[in-house]
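Asker: protein-v2.cif (mmCIF, C-alpha atoms and all ligand atoms) pasted underneath:
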```cif
data_start
#
loop_
_atom_site.label_atom_id
_atom_site.label_comp_id
_atom_site.auth_asym_id
_atom_site.auth_seq_id
_atom_site.Cartn_x
_atom_site.Cartn_y
_atom_site.Cartn_z
CA MET B 254 91.45 -11.25 63.65
CA ILE B 255 90.58 -14.61 62.24
CA LYS B 256 91.28 -15.34 58.58
CA ARG B 257 88.38 -16.77 56.60
CA THR B 258 88.92 -20.41 55.74
CA PRO B 259 87.94 -21.09 52.16
CA SER B 260 85.57 -23.96 51.41
CA ARG B 261 87.22 -27.18 50.33
CA TRP B 262 85.95 -28.63 47.10
CA GLY B 263 82.39 -28.76 45.98
CA GLY B 264 81.00 -30.34 49.13
CA GLY B 265 81.79 -27.30 51.20
CA VAL B 266 80.45 -25.02 48.54
CA ALA B 267 77.34 -27.15 48.29
CA LEU B 268 76.59 -26.78 51.96
CA LEU B 269 77.06 -23.07 51.75
CA TRP B 270 75.17 -22.76 48.56
CA ASN B 271 72.16 -24.89 49.35
CA GLY B 272 70.18 -21.74 49.09
CA VAL B 273 67.95 -22.21 46.11
CA GLU B 274 66.04 -24.94 44.34
CA ALA B 275 67.32 -25.12 40.76
CA LYS B 276 63.90 -26.33 39.59
CA ASP B 277 62.26 -23.14 40.90
CA VAL B 278 64.66 -21.09 38.80
CA LEU B 279 64.04 -23.22 35.74
CA ARG B 280 60.29 -22.89 36.18
CA ASN B 281 60.71 -19.15 36.30
CA LEU B 282 63.00 -19.03 33.27
CA PHE B 283 60.26 -20.63 31.22
CA ASN B 284 57.60 -18.83 33.13
CA VAL B 285 55.71 -21.97 34.10
CA GLY B 286 53.53 -21.98 37.14
CA ALA B 287 54.60 -18.63 38.57
CA VAL B 288 52.09 -17.62 41.19
CA SER B 289 50.98 -14.14 41.86
CA TYR B 290 51.61 -13.48 45.52
CA VAL B 291 50.19 -10.16 46.52
CA ASN B 292 51.16 -8.51 49.74
CA SER B 293 50.42 -4.92 48.89
CA PRO B 294 52.61 -2.78 51.17
CA TYR B 295 55.71 -4.75 50.07
CA PHE B 296 58.08 -3.09 47.58
CA GLU B 297 60.47 -5.27 45.62
CA PHE B 298 64.07 -4.25 45.01
CA ASP B 299 67.02 -5.92 43.35
CA SER B 300 68.71 -6.04 46.79
CA ALA B 301 67.92 -5.09 50.39
CA ARG B 302 70.70 -2.50 50.40
CA ASN B 303 69.02 -0.70 47.51
CA GLY B 304 65.72 -0.86 49.36
CA LEU B 305 67.41 0.89 52.29
CA PHE B 306 69.14 3.41 50.05
CA HIS B 307 65.92 4.41 48.30
CA PHE B 308 63.78 4.43 51.42
CA LEU B 309 66.16 6.87 53.12
CA LYS B 310 66.50 8.93 49.94
CA SER B 311 62.73 9.20 49.65
CA HIS B 312 62.75 10.76 53.13
CA GLY B 313 65.35 13.31 52.10
CA ILE B 314 68.06 11.72 54.24
CA GLY B 315 71.45 12.75 52.91
CA LYS B 316 74.71 14.54 53.51
CA GLY B 317 75.66 14.93 57.15
CA ASP B 318 72.60 13.15 58.57
CA LYS B 319 73.42 10.71 61.36
CA VAL B 320 72.36 7.10 60.94
CA ALA B 321 72.78 4.70 63.88
CA VAL B 322 73.91 1.23 62.81
CA LEU B 323 74.72 -1.90 64.82
CA LEU B 324 78.47 -2.47 64.62
CA PHE B 325 77.97 -6.20 64.12
CA THR B 326 76.69 -5.92 60.55
CA CYS B 327 77.45 -6.39 56.90
CA ASP B 328 79.07 -3.72 54.76
CA ALA B 329 76.01 -3.90 52.48
CA VAL B 330 74.23 -1.79 55.12
CA THR B 331 77.00 0.77 55.55
CA ASP B 332 77.54 0.98 51.76
CA ALA B 333 73.94 2.08 51.26
CA ILE B 334 74.25 4.72 53.98
CA LEU B 335 77.64 6.05 52.93
CA ASP B 336 76.45 6.41 49.34
CA LEU B 337 73.87 8.91 50.62
CA GLY B 338 76.63 10.95 52.26
CA CYS B 339 75.34 10.24 55.78
CA ASP B 340 77.49 9.90 58.89
CA ILE B 341 77.41 6.58 60.68
CA VAL B 342 77.03 6.34 64.45
CA PHE B 343 77.87 2.79 65.44
CA TYR B 344 76.23 1.21 68.45
CA SER B 345 77.17 -2.01 70.24
CA CYS B 346 75.09 -4.70 71.87
CA ASP B 347 75.59 -7.56 74.31
CA LYS B 348 76.95 -11.06 73.72
CA GLN B 349 73.43 -12.29 72.84
CA LEU B 350 73.33 -9.63 70.05
CA GLU B 351 70.59 -7.79 72.00
CA ASN B 352 70.18 -4.70 74.23
CA GLY B 353 71.98 -2.29 71.92
CA ARG B 354 73.02 1.05 73.39
CA ILE B 355 72.79 4.11 71.13
CA PRO B 356 75.56 6.58 72.03
CA GLU B 357 74.11 9.76 73.60
CA THR B 358 74.62 12.74 71.28
CA THR B 359 73.28 16.30 71.42
CA ASN B 360 70.89 15.63 68.56
CA PRO B 361 69.33 12.18 68.22
CA PRO B 362 70.28 10.23 65.04
CA LYS B 363 68.00 11.00 62.09
CA VAL B 364 67.70 7.28 61.41
CA ILE B 365 68.13 4.26 63.65
CA ILE B 366 68.56 0.81 62.15
CA GLU B 367 67.35 -1.96 64.36
CA GLN B 368 68.94 -5.20 63.18
CA VAL B 369 67.53 -8.63 63.80
CA THR B 370 70.61 -10.85 63.68
CA PHE B 371 70.16 -14.61 63.74
CA GLY B 372 66.82 -14.05 65.47
CA ARG B 373 68.09 -11.53 68.06
CA ARG B 374 66.71 -7.98 68.11
CA SER B 375 69.47 -5.42 68.56
CA LEU B 376 67.19 -2.79 70.16
CA ASN B 377 64.18 -3.20 72.39
CA ASP B 378 60.82 -1.46 71.97
CA GLU B 379 61.43 0.90 74.86
CA ILE B 380 64.53 2.38 73.20
CA LEU B 381 62.88 2.52 69.79
CA GLN B 382 59.85 4.34 71.18
CA LYS B 383 62.11 6.83 73.00
CA TYR B 384 63.75 7.75 69.68
CA VAL B 385 60.48 7.78 67.74
CA ALA B 386 59.28 10.41 70.23
CA GLN B 387 62.39 12.45 69.41
CA GLY B 388 61.68 12.30 65.66
CA SER B 389 64.09 9.54 64.55
CA ILE B 390 63.09 7.30 61.65
CA ILE B 391 63.31 3.61 62.58
CA VAL B 392 64.17 0.95 60.01
CA CYS B 393 64.13 -2.71 60.99
CA ASP B 394 66.70 -4.79 59.09
CA LYS B 395 65.43 -8.36 59.03
CA SER B 396 67.64 -9.38 56.12
CA LEU B 397 69.23 -12.15 58.13
CA SER B 398 66.23 -13.17 60.18
CA TYR B 399 62.79 -13.11 58.63
CA GLY B 400 60.43 -15.77 59.88
CA PRO B 401 57.52 -17.95 58.68
CA ASN B 402 54.94 -15.37 59.71
CA ASP B 403 56.52 -12.51 57.77
CA PHE B 404 55.12 -13.56 54.41
CA THR B 405 51.62 -14.69 55.19
CA ALA B 406 48.80 -12.83 53.43
CA ASP B 407 47.89 -10.80 56.52
CA ALA B 408 51.48 -9.97 57.60
CA THR B 409 52.02 -6.37 58.70
CA VAL B 410 55.03 -4.50 60.03
CA LYS B 411 55.35 -1.94 62.82
CA TYR B 412 58.38 -0.16 61.33
CA PRO B 413 59.69 -0.05 57.74
CA THR B 414 61.33 -3.47 57.42
CA LEU B 415 63.96 -4.87 55.05
CA PHE B 416 64.24 -8.47 53.88
CA SER B 417 67.07 -9.82 51.72
CA PHE B 418 66.92 -12.69 49.24
CA GLU B 419 70.61 -12.70 48.42
CA ALA B 420 72.29 -16.07 47.93
CA SER B 421 73.40 -16.57 51.53
CA LYS B 422 69.99 -15.86 53.07
CA SER B 423 67.18 -18.17 54.25
CA LEU B 424 65.36 -17.75 50.95
CA THR B 425 67.04 -16.57 47.82
CA VAL B 426 66.45 -15.48 44.27
CA GLY B 427 70.17 -14.81 43.80
CA TRP B 428 69.74 -11.11 44.28
CA GLY B 429 66.63 -9.49 45.68
CA GLY B 430 65.19 -7.45 48.51
CA ILE B 431 61.86 -6.32 49.89
CA LEU B 432 60.96 -3.21 51.80
CA ALA B 433 57.75 -3.70 53.78
CA LEU B 434 56.05 -0.57 55.06
CA PRO B 435 53.32 0.07 57.60
CA HIS B 436 50.10 0.80 55.71
CA ALA B 437 50.14 4.48 56.62
CA GLN B 438 53.50 5.01 54.90
CA SER B 439 53.06 2.92 51.79
CA LYS B 440 51.01 5.32 49.68
CA GLU B 441 53.57 8.12 49.87
CA PHE B 442 56.46 5.78 49.11
CA SER B 443 54.64 4.30 46.08
CA LYS B 444 55.00 7.62 44.26
CA TYR B 445 58.78 7.56 44.73
CA TYR B 446 58.96 3.85 43.88
CA ASP B 447 57.16 4.35 40.58
CA THR B 448 59.95 6.65 39.43
CA LEU B 449 62.60 3.90 39.80
CA ARG B 450 63.68 1.88 36.80
CA LYS B 451 63.50 -1.90 36.50
CA VAL B 452 66.49 -4.12 35.77
CA ASP B 453 66.40 -4.60 31.99
CA THR B 454 65.30 -7.90 30.44
CA ILE B 455 68.75 -9.03 29.27
CA SER B 456 70.43 -8.42 32.64
CA ASP B 457 67.49 -10.02 34.41
CA LEU B 458 67.64 -13.11 32.21
CA HIS B 459 71.41 -13.26 32.71
CA ARG B 460 70.94 -13.23 36.49
CA ASN B 461 68.43 -16.06 36.27
CA ILE B 462 70.69 -18.18 34.08
CA VAL B 463 73.65 -17.57 36.39
CA LEU B 464 71.51 -18.53 39.35
CA TYR B 465 70.29 -21.69 37.67
CA LEU B 466 73.82 -22.75 36.66
CA ASN B 467 75.11 -22.18 40.17
CA ALA B 468 72.23 -23.90 41.88
CA ALA B 469 72.23 -26.89 39.55
CA ASN B 470 76.01 -27.23 39.44
CA ILE B 471 76.81 -26.84 43.05
CA LYS B 472 73.99 -28.76 44.67
CA ASN B 473 75.47 -31.98 46.10
CA GLY B 474 78.91 -30.78 45.09
CA SER B 475 81.69 -32.99 43.83
CA LYS B 476 85.17 -32.23 42.53
CA VAL B 477 83.94 -32.38 38.93
CA LYS B 478 81.11 -30.00 39.69
CA PHE B 479 83.50 -27.77 41.55
CA LEU B 480 85.69 -27.56 38.42
CA PHE B 481 82.60 -26.51 36.46
CA TRP B 482 81.96 -23.92 39.13
CA LEU B 483 85.49 -22.55 38.73
CA LEU B 484 85.05 -22.46 34.95
CA ALA B 485 81.75 -20.63 35.34
CA SER B 486 83.38 -18.08 37.61
CA ALA B 487 86.17 -17.52 35.09
CA LEU B 488 83.48 -16.86 32.47
CA ARG B 489 81.66 -14.57 34.91
CA LEU B 490 78.76 -17.03 35.03
CA LYS B 491 79.01 -17.07 38.79
CA ARG B 492 76.79 -15.33 41.27
CA ARG B 493 78.22 -11.99 42.31
CA SER B 494 77.10 -9.71 45.04
CA SER B 495 75.03 -6.80 43.82
CA ARG B 496 77.74 -4.55 45.27
CA SER B 497 79.84 -5.35 42.23
CA SER B 498 77.23 -3.69 40.05
CA MET B 499 76.28 -0.94 42.50
CA ALA B 500 76.34 2.00 40.10
CA TYR B 501 74.02 0.17 37.71
CA SER B 502 71.79 -1.20 40.41
CA ARG B 503 71.29 2.19 42.08
CA SER B 504 69.59 3.50 38.96
CA HIS B 505 67.90 0.18 38.12
CA SER B 506 66.76 -0.82 41.57
CA ARG B 507 63.55 -2.67 40.90
CA PRO B 508 63.97 -6.28 39.90
CA GLY B 509 63.13 -7.25 36.35
CA LYS B 510 60.02 -9.25 35.51
CA ARG B 511 61.59 -12.70 35.86
CA THR B 512 63.35 -12.02 39.15
CA SER B 513 60.15 -10.53 40.44
CA GLN B 514 58.23 -13.67 39.44
CA LEU B 515 60.82 -15.86 41.08
CA LEU B 516 60.55 -13.75 44.22
CA GLN B 517 56.78 -14.15 44.24
CA THR B 518 57.02 -17.90 43.70
CA THR B 519 59.55 -18.07 46.53
CA LEU B 520 57.38 -16.06 48.91
CA ALA B 521 54.36 -18.24 48.24
CA SER B 522 56.15 -21.20 49.85
CA ALA B 523 58.18 -19.17 52.36
CA GLU B 524 56.21 -20.18 55.43
CA GLU B 525 56.63 -23.91 54.87
CA LYS B 526 60.35 -23.60 54.01
CA LEU B 527 61.19 -21.41 56.97
CA PHE B 528 59.46 -23.81 59.38
CA LEU B 529 61.62 -26.59 57.93
CA SER B 530 64.73 -24.50 58.42
CA ASN B 531 63.70 -23.76 62.02
CA ALA B 532 63.32 -27.49 62.70
CA ILE B 533 66.87 -28.13 61.40
CA HIS B 534 68.10 -25.21 63.52
CA ASP B 535 66.61 -26.68 66.67
CA ASP B 536 67.96 -30.16 65.92
CA LEU B 537 71.50 -28.78 65.47
CA LYS B 538 71.06 -26.49 68.47
CA LYS B 539 70.39 -29.48 70.71
CA HIS B 540 73.49 -31.19 69.37
CA LEU B 541 75.75 -28.16 69.81
CA GLU B 542 74.50 -27.62 73.36
CA GLU B 543 75.06 -31.27 74.24
CA ASN B 544 78.63 -30.71 73.10
CA GLY B 545 79.08 -27.70 75.34
CA PHE B 546 78.59 -24.81 72.89
CA GLN B 547 76.42 -21.80 73.67
CA VAL B 548 73.99 -21.25 70.80
CA ILE B 549 73.13 -17.60 70.15
CA SER B 550 70.68 -17.79 67.25
CA SER B 551 67.05 -18.17 68.15
CA VAL B 552 64.15 -19.10 65.88
CA ASP B 553 60.37 -18.97 66.15
CA VAL B 554 57.38 -17.97 64.02
CA SER B 555 58.71 -14.46 63.53
CA CYS B 556 62.40 -15.29 63.00
CA SER B 557 64.42 -17.82 61.07
CA THR B 558 68.09 -17.92 60.24
CA PRO B 559 70.03 -19.44 57.36
CA ARG B 560 72.90 -20.17 59.78
CA ILE B 561 72.88 -21.50 63.33
CA THR B 562 75.22 -19.28 65.31
CA PHE B 563 77.17 -20.22 68.41
CA ILE B 564 80.02 -18.97 70.53
CA CYS B 565 83.45 -20.44 70.04
CA GLU B 566 86.19 -18.32 71.58
CA ASN B 567 88.89 -20.97 71.96
CA ASN B 568 90.32 -23.25 69.28
CA ARG B 569 88.18 -21.56 66.64
CA ASN B 570 90.61 -22.37 63.86
CA CYS B 571 90.75 -26.04 64.88
CA LEU B 572 86.98 -26.32 64.74
CA ILE B 573 86.83 -24.57 61.36
CA ALA B 574 89.51 -26.94 60.04
CA LYS B 575 87.71 -30.01 61.42
CA LEU B 576 84.46 -28.94 59.76
CA ALA B 577 86.29 -28.27 56.49
CA GLU B 578 87.68 -31.83 56.61
CA HIS B 579 84.06 -32.96 56.54
CA ASN B 580 83.30 -30.53 53.73
CA VAL B 581 81.18 -28.44 56.06
CA GLU B 582 81.37 -24.74 55.41
CA CYS B 583 81.74 -22.79 58.66
CA GLY B 584 80.93 -19.09 58.54
CA THR B 585 82.61 -16.42 60.64
CA TRP B 586 80.11 -13.57 60.08
CA PHE B 587 80.83 -10.90 61.10
CA ASP B 588 84.48 -11.07 61.95
CA LEU B 589 85.36 -7.43 61.31
CA PRO B 590 83.61 -4.07 61.59
CA PRO B 591 81.96 -3.19 58.29
CA VAL B 592 84.05 -0.12 57.45
CA ASP B 593 87.60 1.01 57.95
CA GLN B 594 88.19 1.25 61.71
CA ARG B 595 90.68 4.09 61.29
CA VAL B 596 88.09 6.37 59.75
CA TRP B 597 85.07 5.84 61.99
CA SER B 598 84.98 6.07 65.73
CA LEU B 599 83.85 2.81 67.22
CA PRO B 600 82.10 2.23 70.57
CA ASP B 601 84.32 1.33 73.54
CA GLY B 602 85.12 -2.35 73.79
CA TRP B 603 84.11 -2.93 70.16
CA GLU B 604 86.69 -5.73 69.81
CA ASN B 605 84.56 -7.86 72.15
CA MET B 606 81.89 -8.17 69.49
CA PHE B 607 84.15 -9.94 67.03
CA SER B 608 86.08 -13.24 66.73
CA LYS B 609 83.57 -14.92 68.97
CA TYR B 610 80.84 -16.36 66.78
CA LEU B 611 80.80 -19.17 64.28
CA ASN B 612 77.90 -20.27 62.15
CA LEU B 613 76.82 -23.41 60.33
CA PRO B 614 74.14 -23.90 57.71
CA CYS B 615 70.63 -24.84 58.83
CA HIS B 616 68.96 -24.18 55.54
CA TYR B 617 65.75 -25.99 54.61
CA THR B 618 67.43 -27.69 51.64
CA LEU B 619 69.89 -29.60 53.89
CA THR B 620 69.19 -33.31 53.76
CA SER B 621 69.29 -35.43 56.92
CA GLU B 622 72.60 -36.93 55.65
CA LYS B 623 74.12 -33.46 55.55
CA VAL B 624 72.81 -32.62 59.00
CA SER B 625 74.38 -35.87 60.27
CA LYS B 626 77.66 -34.89 58.62
CA ILE B 627 77.68 -31.62 60.53
CA LYS B 628 76.93 -33.44 63.80
CA GLU B 629 79.69 -35.98 63.16
CA ALA B 630 82.23 -33.20 62.59
CA ILE B 631 81.24 -31.57 65.88
CA ASN B 632 81.49 -34.91 67.71
CA GLU B 633 84.99 -35.47 66.34
CA PHE B 634 86.08 -32.04 67.44
CA THR B 635 84.81 -32.40 70.99
CA SER B 636 85.83 -36.03 71.55
C1 LIG B 701 72.43 -7.66 58.16
C2 LIG B 701 72.30 -7.42 56.68
N1 LIG B 701 71.50 -6.42 56.25
C3 LIG B 701 71.36 -6.15 54.93
C4 LIG B 701 72.02 -6.90 53.97
C5 LIG B 701 71.87 -6.51 52.53
O1 LIG B 701 71.30 -7.49 51.74
P1 LIG B 701 71.43 -7.43 50.17
O2 LIG B 701 72.61 -8.29 49.82
O3 LIG B 701 70.14 -8.00 49.65
O4 LIG B 701 71.64 -6.02 49.77
C6 LIG B 701 72.85 -7.94 54.36
C7 LIG B 701 73.55 -8.70 53.34
O5 LIG B 701 74.22 -9.65 53.48
C8 LIG B 701 73.00 -8.21 55.76
O6 LIG B 701 73.80 -9.20 56.20
#
```
Translate this structure into structure tokens?
Ligand SMILES: Cc1ncc(COP(=O)(O)O)c(C=O)c1O

Answerer:
Amino acid sequence: MIKRTPSRWGGGVALLWNGVEAKDVLRNLFNVGAVSYVNSPYFEFDSARNGLFHFLKSHGIGKGDKVAVLLFTCDAVTDAILDLGCDIVFYSCDKQLENGRIPETTNPPKVIIEQVTFGRRSLNDEILQKYVAQGSIIVCDKSLSYGPNDFTADATVKYPTLFSFEASKSLTVGWGGILALPHAQSKEFSKYYDTLRKVDTISDLHRNIVLYLNAANIKNGSKVKFLFWLLASALRLKRRSSRSSMAYSRSHSRPGKRTSQLLQTTLASAEEKLFLSNAIHDDLKKHLEENGFQVISSVDVSCSTPRITFICENNRNCLIAKLAEHNVECGTWFDLPPVDQRVWSLPDGWENMFSKYLNLPCHYTLTSEKVSKIKEAINEFTS
């Protein structure tokens, strides 16, 4: 398995971390110009994983229930499921991250998670409908791949759908998630949702300050800024995944007032930002393809991605090193199954799903200079 290459200096961190506009955070801190963006069947959470946890809990899903999960996923998903005491049934998909095959079992899984990964749907409608007919609950995880049309005023969803606004996603508020429900299901869930507690004001303010410091400090990184970043992390003023505060965030799963306002401000301009990100994706896609790489991610009005994803099976480490020389952060998500392979049975040929993909940023905040820098690094590697 490939070892993750750490970012070099601030430049690399900046490319990775170009996920938030510091001025948006500042505006929210002082509560200036926050817009009220109402999309009624959307429920806000402090993370997508908590949205999943509570949605399943509200349906009485718990100990011993089988939940089908795409193997190529993040441990945030499996953490939420394991905390409920459920059993995971992993399913695999093809090289394009599509056409997932749910293992045949005597009883169908209680829950099936369809994952949209870098714009690719893991399960097709035919399979989903087959399992709906057998009583399975379907959840669509669009954490990595929501698109411009998902946040327009008239957006609706077919299945309960999760969106994440964690720092590495297309849009971010540092931590944050949304569960969107079909109209028919939203009334019942509201009752459960109203019983959940909000993140308290101090923690919420702390999150916003941390986010501002990170966004302001790391944007257009330099060595000096990187030293500040290290200092901030030593003082715990660094963004941390909500997993590190799981016990707290399970009981306080709704975002506080400020995070919620930031989320609403962010959603109000989501469409425009995601279209920008899609344009950068397609520009980089053309370049990667001209250089002989097969691009896997796919974007359109219903899907965006924070990272353009392509196949690189040979000389992966050389390419990662070349990109790092140019201060370009290269992601290897997901390079391992999400949970301990010795404990869970994995689908046959599971190794084929890993150590194949690389990803590069295509976030809307990337300037044309940064996009050129990425292209240059690729040119150098292939020449
Ligand atoms: C595919 C996928 N689903 C869900 C999540 C959970 O998102 P959050 O960090 O908001 O809990 C992640 C997080 O990275 C993810 O990659």

Asker: Please check which protein, DNA or RNA residues sit within 6 Å of ligand LIG 701 (chain B), counting only C-alpha atoms and all ligand atoms, and write them as a ChimeraX atom specification.

Answerer: /B:300-302,326-327,329-330,394,396-397,417-419,429-430

Asker: Could you please determine the separation between CA of Leu305 in chain B and CA of Thr358 in chain B in Å, to one decimal place?

Answerer: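 Going from CA of Leu305 in chain B over to CA of Thr358 in chain B covers 23.5 Å.
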
Asker: Please identify all polymer residues within 7 Å of Phe371 in chain B, counting only C-alpha atoms, omitting same-chain residues fewer than 2 positions from it, and present them as a ChimeraX atom specification.

Answerer: /B:369,373,397-398,550-551,558

Asker: So, counting all atoms listed in the file, which residue among B:Tyr384, B:Phe587, B:Trp428, B:Trp597 is closest to Pro362 in chain B?

Answerer: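 Of all the options, B:Tyr384 lies closest to Pro362 in chain B.
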
Asker: Nearest residue to Asp447 in chain B out of B:His307, B:Lys422, B:His540, B:His312, using all atoms listed in the file?

Answerer: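 For Asp447 in chain B, the nearest of the given residues is B:His307.
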
Asker: Env of Leu449 in chain B: 10 Å cut, atoms = all atoms listed in the file, seq-sep filter 5 positions within chain, self excluded. Answer as number ranges by chain.

Answerer: B: 298, 307, 444, 503-507

Asker: Which residue gives the smallest distance to Asn467 in chain B among B:Thr585, B:Gly427, B:Gly338, B:Phe442, with all atoms listed in the file counted?

Answerer: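 Answer, going by the shortest atom-to-atom distance: B:Gly427.
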
Asker: Can you pull out every residue within 6 Å of range 341-346 of chain B, counting only C-alpha atoms, but drop anything in the same chain fewer than 5 positions away, and send it as an MDAnalysis selection string?

Answerer: chainID B and resid 319:324 351:355

Asker: Calculate how many Å separate CA of Gln368 in chain B from CA of Thr448 in chain B, rounding to one decimal.

Answerer: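 Going from CA of Gln368 in chain B over to CA of Thr448 in chain B covers 28.0 Å.
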
Asker: For a quick check of understanding, using all atoms listed in the file, which of B:Phe607, B:Lys623, B:Cys583, B:Asn544 has the smallest distance to Ser636 in chain B?

Answerer: B:Asn544
